[in-house]
Amino acid sequence: MAEEHAPWLTLLGWGESGTAGLTAASQQVLDAAEVVFGARRHLRLLPPLAAEVREWPVPFADGIPELLAERGRRVVMLVSGDPFWFGAGSTLARHLPAEEWRALPSPSTFSLAASRLGWPLQDCTCLGLHAKPLTRIRPYLQRDRRLLVLVKDGLAVIELAGWLKHFGFGASRLHMLEALGGEGERIRSMQADATLPDDIAHPVAVGLDVAGDGPALPLTPGLPDALFEHDGQITKQAVRALTLAALAPRAGERLWDIGTGSGSVAIEWLLAHPDNHAVAFEREAERAARARRNADNLGVDWLEVVEGSAPNVLDDQALSGQPPDAVFIGGGLSQALLEALWQRLPAGARLVANAVTLESEALLAHWQQMAGGELLRLELAAAAALGTRRGWKAGYPIVQWRVSR
């Protein structure tokens, strides 16, 4: 590439080893820079340079206008490890055409951690939780699994250990990896339910050998009802599994869960893929709060709970520019609700509605005849005591309507 067409911005992978860890190409770019941006912990490792050195502000977004104002100069931004693996690269790339920047990565913290622990990186689950709630680790807690987790600081390590104990995995082996690649590198290992040291220094990553008797979350739809806090208003496990199969979540899709109750369907929708979104509508404040708690406890804190009665509360969501890919009606089924949804849903959106009462069944039968789709009757029975013997105890039959708009 000719010099006059070279990108003006370089995202330079940077680690605790400072310039000692740079390739010759990265060192050359740093030496030629006119402006160098970086977080305070990155700048402390810089040698004297001819370039202007500027500390990146907090919050991160505040630094972007200042960076863009230097367009046309030779600018280097120091970014931890690999800029595009839980790094700042993806954020910055959204603000610039591809021809204006380049990235020169260095080994990621995940790579360094795996090499220190002797763990095959391809077999590890890698989580960037330095700016996310630590409860997001919950779906990945399963005995004999290995996790590599980026966290904010030493206090976050202690908080993470507390969550492991809370979820029943306090027996996990916790490896604290501090300042990997630098002169201050330190690795200490202990059981998560032990007393952790109070001098854990940033930057720090955590390796987890998961152990303990806590319940692992199944990978298939239909989590055990006992994993949810509820007051009886919950789509039961077997019916929920069939409902999720009908909703058919795909990566990155959005669900509206109307009459969410405990939030179980919306939560399982979110567990299906980390890029999924869900909005849960609930008119009872106590149940809405319960749904939020269930989401936190199952590691899907990004559930949006909207309090109010449908269809009235649907207007703001419909006008937000983010229509649903699928809708589940678990409560509050009515003619007015179905009419409002049918007007708002985009083409191809999937609608699943469950009914228990005769009136609701009749409503779904009418809509199925009018709009098509499948109408199913689900009847389940469980073995129960019958005097000194056992017999089948039937639950209320469920009528389910499945249709695409």
# chains A, B, ... in the order shown; residues from 1 in each chain; ligands from 1
call {"tool": "residues_around", "arguments": {"residues": "Gly89 in chain A", "least_positions_apart": "3", "cutoff": "12 Å", "atoms": "only C-alpha atoms", "output": "count of residues only"}}
result
28
call {"tool": "residues_around", "arguments": {"residues": "Glu183 in chain A", "least_positions_apart": "4", "cutoff": "8 Å", "atoms": "only C-alpha atoms", "output": "VMD selection string"}}
result
chain A and resid 16 to 17 179
call {"tool": "select_by_dssp", "arguments": {"residues": "range 74-234 of chain A", "states": "alpha helix (DSSP H)", "output": "PyMOL selection string"}}
result
chain A and resi 89-93+109-117+154-166
call {"tool": "write_last_selection", "arguments": {"atoms": "N, CA, C and O atoms", "output": "mmCIF file, in the first residue's frame"}}
result
data_model
loop_
_atom_site.group_PDB
_atom_site.id
_atom_site.type_symbol
_atom_site.label_atom_id
_atom_site.label_comp_id
_atom_site.auth_asym_id
_atom_site.auth_seq_id
_atom_site.Cartn_x
_atom_site.Cartn_y
_atom_site.Cartn_z
ATOM 1 N N GLY A 89 -11.697 -2.667 19.622
ATOM 2 C CA GLY A 89 -11.662 -2.558 18.174
ATOM 3 C C GLY A 89 -13.029 -2.486 17.534
ATOM 4 O O GLY A 89 -13.277 -1.656 16.649
ATOM 5 N N SER A 90 -13.957 -3.350 17.973
ATOM 6 C CA SER A 90 -15.279 -3.388 17.344
ATOM 7 C C SER A 90 -16.029 -2.081 17.559
ATOM 8 O O SER A 90 -16.756 -1.621 16.675
ATOM 9 N N THR A 91 -15.859 -1.457 18.725
ATOM 10 C CA THR A 91 -16.514 -0.174 18.988
ATOM 11 C C THR A 91 -15.971 0.915 18.079
ATOM 12 O O THR A 91 -16.727 1.677 17.460
ATOM 13 N N LEU A 92 -14.649 0.991 17.959
ATOM 14 C CA LEU A 92 -14.040 2.036 17.141
ATOM 15 C C LEU A 92 -14.311 1.824 15.658
ATOM 16 O O LEU A 92 -14.507 2.788 14.912
ATOM 17 N N ALA A 93 -14.327 0.579 15.216
ATOM 18 C CA ALA A 93 -14.523 0.298 13.789
ATOM 19 C C ALA A 93 -15.884 0.762 13.294
ATOM 20 O O ALA A 93 -16.050 1.031 12.098
ATOM 21 N N THR A 109 -5.444 -11.835 26.260
ATOM 22 C CA THR A 109 -5.342 -12.319 27.639
ATOM 23 C C THR A 109 -5.773 -13.774 27.717
ATOM 24 O O THR A 109 -5.216 -14.559 28.496
ATOM 25 N N PHE A 110 -6.772 -14.166 26.917
ATOM 26 C CA PHE A 110 -7.196 -15.564 26.897
ATOM 27 C C PHE A 110 -6.052 -16.479 26.471
ATOM 28 O O PHE A 110 -5.830 -17.541 27.065
ATOM 29 N N SER A 111 -5.324 -16.075 25.427
ATOM 30 C CA SER A 111 -4.203 -16.892 24.952
ATOM 31 C C SER A 111 -3.123 -17.005 26.017
ATOM 32 O O SER A 111 -2.573 -18.091 26.259
ATOM 33 N N LEU A 112 -2.806 -15.884 26.660
ATOM 34 C CA LEU A 112 -1.779 -15.909 27.700
ATOM 35 C C LEU A 112 -2.221 -16.775 28.879
ATOM 36 O O LEU A 112 -1.429 -17.553 29.424
ATOM 37 N N ALA A 113 -3.489 -16.636 29.279
ATOM 38 C CA ALA A 113 -3.988 -17.426 30.411
ATOM 39 C C ALA A 113 -3.946 -18.919 30.102
ATOM 40 O O ALA A 113 -3.510 -19.732 30.930
ATOM 41 N N ALA A 114 -4.398 -19.294 28.898
ATOM 42 C CA ALA A 114 -4.390 -20.709 28.528
ATOM 43 C C ALA A 114 -2.974 -21.255 28.499
ATOM 44 O O ALA A 114 -2.717 -22.395 28.922
ATOM 45 N N SER A 115 -2.021 -20.459 28.018
ATOM 46 C CA SER A 115 -0.635 -20.931 27.943
ATOM 47 C C SER A 115 -0.017 -21.090 29.325
ATOM 48 O O SER A 115 0.821 -21.969 29.543
ATOM 49 N N ARG A 116 -0.437 -20.262 30.268
ATOM 50 C CA ARG A 116 0.096 -20.394 31.630
ATOM 51 C C ARG A 116 -0.499 -21.608 32.349
ATOM 52 O O ARG A 116 0.184 -22.282 33.118
ATOM 53 N N LEU A 117 -1.763 -21.867 32.092
ATOM 54 C CA LEU A 117 -2.444 -22.966 32.788
ATOM 55 C C LEU A 117 -2.299 -24.291 32.064
ATOM 56 O O LEU A 117 -2.642 -25.340 32.622
ATOM 57 N N GLY A 154 -9.706 -6.742 41.297
ATOM 58 C CA GLY A 154 -9.622 -7.736 42.354
ATOM 59 C C GLY A 154 -10.923 -7.925 43.106
ATOM 60 O O GLY A 154 -11.267 -9.045 43.511
ATOM 61 N N LEU A 155 -11.673 -6.844 43.314
ATOM 62 C CA LEU A 155 -12.955 -6.971 44.002
ATOM 63 C C LEU A 155 -13.922 -7.824 43.194
ATOM 64 O O LEU A 155 -14.739 -8.562 43.758
ATOM 65 N N ALA A 156 -13.823 -7.735 41.871
ATOM 66 C CA ALA A 156 -14.691 -8.550 41.016
ATOM 67 C C ALA A 156 -14.364 -10.037 41.148
ATOM 68 O O ALA A 156 -15.253 -10.884 41.037
ATOM 69 N N VAL A 157 -13.098 -10.367 41.394
ATOM 70 C CA VAL A 157 -12.726 -11.768 41.611
ATOM 71 C C VAL A 157 -13.412 -12.299 42.865
ATOM 72 O O VAL A 157 -13.958 -13.412 42.883
ATOM 73 N N ILE A 158 -13.402 -11.508 43.909
ATOM 74 C CA ILE A 158 -14.047 -11.909 45.162
ATOM 75 C C ILE A 158 -15.556 -12.031 44.969
ATOM 76 O O ILE A 158 -16.199 -12.972 45.464
ATOM 77 N N GLU A 159 -16.147 -11.092 44.220
ATOM 78 C CA GLU A 159 -17.583 -11.171 43.926
ATOM 79 C C GLU A 159 -17.901 -12.418 43.108
ATOM 80 O O GLU A 159 -18.903 -13.104 43.354
ATOM 81 N N LEU A 160 -17.044 -12.726 42.136
ATOM 82 C CA LEU A 160 -17.254 -13.910 41.305
ATOM 83 C C LEU A 160 -17.223 -15.178 42.155
ATOM 84 O O LEU A 160 -18.062 -16.078 41.993
ATOM 85 N N ALA A 161 -16.273 -15.249 43.085
ATOM 86 C CA ALA A 161 -16.202 -16.407 43.980
ATOM 87 C C ALA A 161 -17.484 -16.528 44.807
ATOM 88 O O ALA A 161 -17.978 -17.639 45.054
ATOM 89 N N GLY A 162 -18.040 -15.388 45.211
ATOM 90 C CA GLY A 162 -19.295 -15.409 45.954
ATOM 91 C C GLY A 162 -20.443 -15.974 45.128
ATOM 92 O O GLY A 162 -21.268 -16.740 45.644
ATOM 93 N N TRP A 163 -20.499 -15.617 43.851
ATOM 94 C CA TRP A 163 -21.546 -16.166 42.990
ATOM 95 C C TRP A 163 -21.359 -17.662 42.778
ATOM 96 O O TRP A 163 -22.338 -18.422 42.712
ATOM 97 N N LEU A 164 -20.113 -18.104 42.656
ATOM 98 C CA LEU A 164 -19.876 -19.541 42.505
ATOM 99 C C LEU A 164 -20.419 -20.307 43.709
ATOM 100 O O LEU A 164 -21.057 -21.360 43.562
ATOM 101 N N LYS A 165 -20.189 -19.783 44.900
ATOM 102 C CA LYS A 165 -20.724 -20.424 46.103
ATOM 103 C C LYS A 165 -22.254 -20.368 46.106
ATOM 104 O O LYS A 165 -22.926 -21.348 46.460
ATOM 105 N N HIS A 166 -22.800 -19.236 45.709
ATOM 106 C CA HIS A 166 -24.259 -19.068 45.691
ATOM 107 C C HIS A 166 -24.916 -20.076 44.751
ATOM 108 O O HIS A 166 -25.991 -20.621 45.058
#
call {"tool": "select_by_dssp", "arguments": {"residues": "range 172-245 of chain A", "states": "strand (DSSP E or B)", "output": "PyMOL selection string"}}
result
chain A and resi 173-178+186-191+204-209
call {"tool": "write_last_selection", "arguments": {"atoms": "N, CA and C atoms", "output": "mmCIF file, in the first residue's frame"}}
result
data_model
loop_
_atom_site.group_PDB
_atom_site.id
_atom_site.type_symbol
_atom_site.label_atom_id
_atom_site.label_comp_id
_atom_site.auth_asym_id
_atom_site.auth_seq_id
_atom_site.Cartn_x
_atom_site.Cartn_y
_atom_site.Cartn_z
ATOM 1 N N ARG A 173 -11.998 -24.802 41.370
ATOM 2 C CA ARG A 173 -10.636 -24.311 41.505
ATOM 3 C C ARG A 173 -10.523 -22.991 40.769
ATOM 4 N N LEU A 174 -10.124 -21.954 41.470
ATOM 5 C CA LEU A 174 -10.066 -20.605 40.929
ATOM 6 C C LEU A 174 -8.609 -20.188 40.783
ATOM 7 N N HIS A 175 -8.207 -19.836 39.557
ATOM 8 C CA HIS A 175 -6.837 -19.415 39.263
ATOM 9 C C HIS A 175 -6.851 -17.910 38.989
ATOM 10 N N MET A 176 -6.173 -17.144 39.811
ATOM 11 C CA MET A 176 -6.089 -15.698 39.640
ATOM 12 C C MET A 176 -4.809 -15.365 38.883
ATOM 13 N N LEU A 177 -4.962 -14.777 37.685
ATOM 14 C CA LEU A 177 -3.825 -14.502 36.824
ATOM 15 C C LEU A 177 -3.670 -12.992 36.681
ATOM 16 N N GLU A 178 -2.647 -12.453 37.335
ATOM 17 C CA GLU A 178 -2.464 -11.006 37.377
ATOM 18 C C GLU A 178 -1.307 -10.567 36.484
ATOM 19 N N ARG A 186 1.708 -12.659 38.231
ATOM 20 C CA ARG A 186 1.541 -13.513 39.415
ATOM 21 C C ARG A 186 0.329 -14.405 39.183
ATOM 22 N N ILE A 187 0.488 -15.679 39.531
ATOM 23 C CA ILE A 187 -0.607 -16.644 39.391
ATOM 24 C C ILE A 187 -0.792 -17.357 40.721
ATOM 25 N N ARG A 188 -2.006 -17.275 41.243
ATOM 26 C CA ARG A 188 -2.326 -17.952 42.494
ATOM 27 C C ARG A 188 -3.612 -18.756 42.309
ATOM 28 N N SER A 189 -3.660 -19.926 42.931
ATOM 29 C CA SER A 189 -4.799 -20.823 42.760
ATOM 30 C C SER A 189 -5.318 -21.275 44.110
ATOM 31 N N MET A 190 -6.632 -21.343 44.230
ATOM 32 C CA MET A 190 -7.260 -21.842 45.452
ATOM 33 C C MET A 190 -8.709 -22.172 45.160
ATOM 34 N N GLN A 191 -9.363 -22.827 46.106
ATOM 35 C CA GLN A 191 -10.761 -23.167 45.936
ATOM 36 C C GLN A 191 -11.608 -21.911 46.077
ATOM 37 N N VAL A 204 -6.444 -8.348 35.851
ATOM 38 C CA VAL A 204 -6.535 -9.717 36.343
ATOM 39 C C VAL A 204 -7.537 -10.502 35.494
ATOM 40 N N ALA A 205 -7.208 -11.750 35.250
ATOM 41 C CA ALA A 205 -8.135 -12.693 34.618
ATOM 42 C C ALA A 205 -8.299 -13.873 35.561
ATOM 43 N N VAL A 206 -9.350 -14.645 35.347
ATOM 44 C CA VAL A 206 -9.643 -15.788 36.215
ATOM 45 C C VAL A 206 -9.795 -17.036 35.351
ATOM 46 N N GLY A 207 -9.127 -18.099 35.754
ATOM 47 C CA GLY A 207 -9.366 -19.408 35.169
ATOM 48 C C GLY A 207 -10.163 -20.237 36.153
ATOM 49 N N LEU A 208 -11.181 -20.932 35.671
ATOM 50 C CA LEU A 208 -12.044 -21.731 36.543
ATOM 51 C C LEU A 208 -12.070 -23.176 36.101
ATOM 52 N N ASP A 209 -11.691 -24.067 37.014
ATOM 53 C CA ASP A 209 -11.976 -25.497 36.869
ATOM 54 C C ASP A 209 -13.271 -25.733 37.632
#
call {"tool": "closest_atom_pairs", "arguments": {"of": "range 227-257 of chain A", "to": "range 381-400 of chain A", "cutoff": "10 Å", "atoms": "only C-alpha atoms", "output": "JSON lines"}}
result
{"residue": "A:Val239", "atom": "CA", "partner": "A:Ile398", "partner_atom": "CA", "distance": 8.2}
{"residue": "A:Leu242", "atom": "CA", "partner": "A:Gln400", "partner_atom": "CA", "distance": 9.6}
{"residue": "A:Thr243", "atom": "CA", "partner": "A:Gln400", "partner_atom": "CA", "distance": 8.3}
{"residue": "A:Ala246", "atom": "CA", "partner": "A:Gln400", "partner_atom": "CA", "distance": 9.5}
call {"tool": "write_last_selection", "arguments": {"atoms": "all heavy atoms", "output": "compact mmCIF listing (two decimals), in the first residue's frame"}}
result
# COMPACT_ATOMS: atom_id res chain seq x y z
N VAL A 239 -44.77 -28.20 28.89
CA VAL A 239 -45.44 -27.29 27.97
C VAL A 239 -44.47 -26.20 27.51
O VAL A 239 -44.51 -25.77 26.35
CB VAL A 239 -46.68 -26.67 28.66
CG1 VAL A 239 -47.33 -25.61 27.76
CG2 VAL A 239 -47.67 -27.75 29.02
N LEU A 242 -42.34 -27.48 24.66
CA LEU A 242 -43.09 -27.47 23.40
C LEU A 242 -43.30 -26.04 22.89
O LEU A 242 -43.27 -25.78 21.69
CB LEU A 242 -44.44 -28.16 23.60
CG LEU A 242 -44.38 -29.67 23.85
CD1 LEU A 242 -45.74 -30.18 24.33
CD2 LEU A 242 -43.96 -30.40 22.58
N THR A 243 -43.49 -25.12 23.83
CA THR A 243 -43.68 -23.72 23.45
C THR A 243 -42.41 -23.14 22.84
O THR A 243 -42.45 -22.44 21.82
CB THR A 243 -44.12 -22.90 24.67
OG1 THR A 243 -45.36 -23.40 25.15
CG2 THR A 243 -44.27 -21.43 24.32
N ALA A 246 -41.94 -24.34 19.40
CA ALA A 246 -42.81 -23.65 18.46
C ALA A 246 -42.31 -22.24 18.17
O ALA A 246 -42.39 -21.76 17.03
CB ALA A 246 -44.23 -23.58 19.02
call {"tool": "residues_around", "arguments": {"residues": "Ile329 in chain A", "least_positions_apart": "6", "cutoff": "8 Å", "atoms": "only C-alpha atoms", "output": "list in words"}}
result
Asp257, Ile258, Gly259, Leu351, Val352, Ala353 and Asn354 of chain A
call {"tool": "write_last_selection", "arguments": {"atoms": "C-alpha atoms", "output": "compact mmCIF listing (two decimals), in the first residue's frame"}}
result
# COMPACT_ATOMS: atom_id res chain seq x y z
CA ASP A 257 -43.43 -12.44 26.01
CA ILE A 258 -46.90 -11.18 26.94
CA GLY A 259 -48.15 -12.11 30.40
CA LEU A 351 -46.92 -16.05 17.10
CA VAL A 352 -47.54 -18.75 19.71
CA ALA A 353 -50.48 -18.52 22.10
CA ASN A 354 -51.46 -20.94 24.88
